[in-house]
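In what follows, a structure is listed as structure tokens, so that the remarks can point back to it.
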Amino acid sequence: MGRLAEADIGWRSHWLQQALAEDPSVAPPLEEATTADVCIVGGGYLGLWTAIRLREANPSLDVVIVERDICGGGPSGRNSGMLLSAWTKLAALAALRGEAEALRMVRLTTEAIAGVAGFCADNGIDCWFDPVGWVWGATCAAQDGAWDDAIARYERHGTAPARRVSRDE
């Protein structure tokens, strides 16, 4: 597919509109057959980070990213640029993969965020990276305590990615 028409970008988030600096020479559309050692489909956070990590591991690797629009134009651009760990998904992951594997996977998501922060700092990328954390809250009385199992699970593992806060806090 070619680039989206100019009129189609109105749906883009405020964050992405601010971040955009469209210069066709930076990422020209693929107009002919090409080959690569690795082809990544999708230029969101996962695709871009995978390409970066592959090239760090093997600088001679030929990596091509295929994106239908612009990198960051899909869900990664619509989430206001947030990077979230998977701590809130620990119980679901444990049900699928077991407690130890779930904990390993969740810790890797935290490491990935730290890796992005380090990458930006090391490369002088001013992307407004601001690790402010997250809030897991109740919007009605029925949701009060919904996170008690998660907090107890974290405590059993000696981790503290979240803590209870009072209404005043």
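Please note that chains go A, B, ... in the order of the structure tokens, that every chain numbers its residues from 1, and that ligands are numbered from 1 in the order shown.
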Review point. Among segment 13-165 of chain A, which residues carry a DSSP assignment of alpha helix (DSSP H), reported as a PyMOL selection string?
Key: chain A and resi 14-19+45-57+75-78+90-97+99-122+148-156
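The set of residues in chain A assigned to strand (DSSP E) by DSSP, using only backbone atoms of this structure, is Val38, Cys39, Ile40, Val41, Val63, Val64, Ile65 and Val66 of chain A.
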Exercise for review: Tell me, as number ranges by chain, which residues lie within 12 Å of Arg156 of chain A, counting only C-alpha atoms; anything in the same chain fewer than 6 positions away does not count.
Suggested key: A: 99-100, 103, 149-150
Practice item. Compile the contact shell of segment 53-68 of chain A as a count of residues only: residues with an atom at most 12 Å away, counting only C-alpha atoms, same-chain residues fewer than 5 positions apart removed. Key: 32
**Study point:** Interatomic distance, atom CA of Cys120 of chain A to atom CA of Gly133 of chain A (Å, one decimal)
**Key:**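 So the answer is 17.8 Å.
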**Study point:** Straight-line distance linking atom CA of Glu169 of chain A with atom CA of Arg78 of chain A, stated in Å to one decimal
**Key:**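 Computed distance, atom CA of Glu169 of chain A to atom CA of Arg78 of chain A, equals 28.8 Å.
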Practice item. Tell me which protein, DNA and RNA residues are within 9 Å of Thr88 of chain A, counting only C-alpha atoms, leaving out same-chain ones fewer than 2 positions away, and put them as a VMD selection string. Key: chain A and resid 85 to 86 90 to 92 106 136 147 150
Check your understanding: With only C-alpha atoms as the atoms that count, which of A:Ile70, A:Met82, A:Ala51, A:Met105 lies nearest to Val132 of chain A?
Key ->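 Of the candidates, the smallest distance to Val132 of chain A is held by A:Met82.
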Exercise for review: Could you give me, as a PyMOL selection string, the residues within 12 Å of segment 137-146 of chain A, counting only C-alpha atoms and dropping anything in the same chain fewer than 4 positions from it?
Suggested key: chain A and resi 88+150-152+162-167
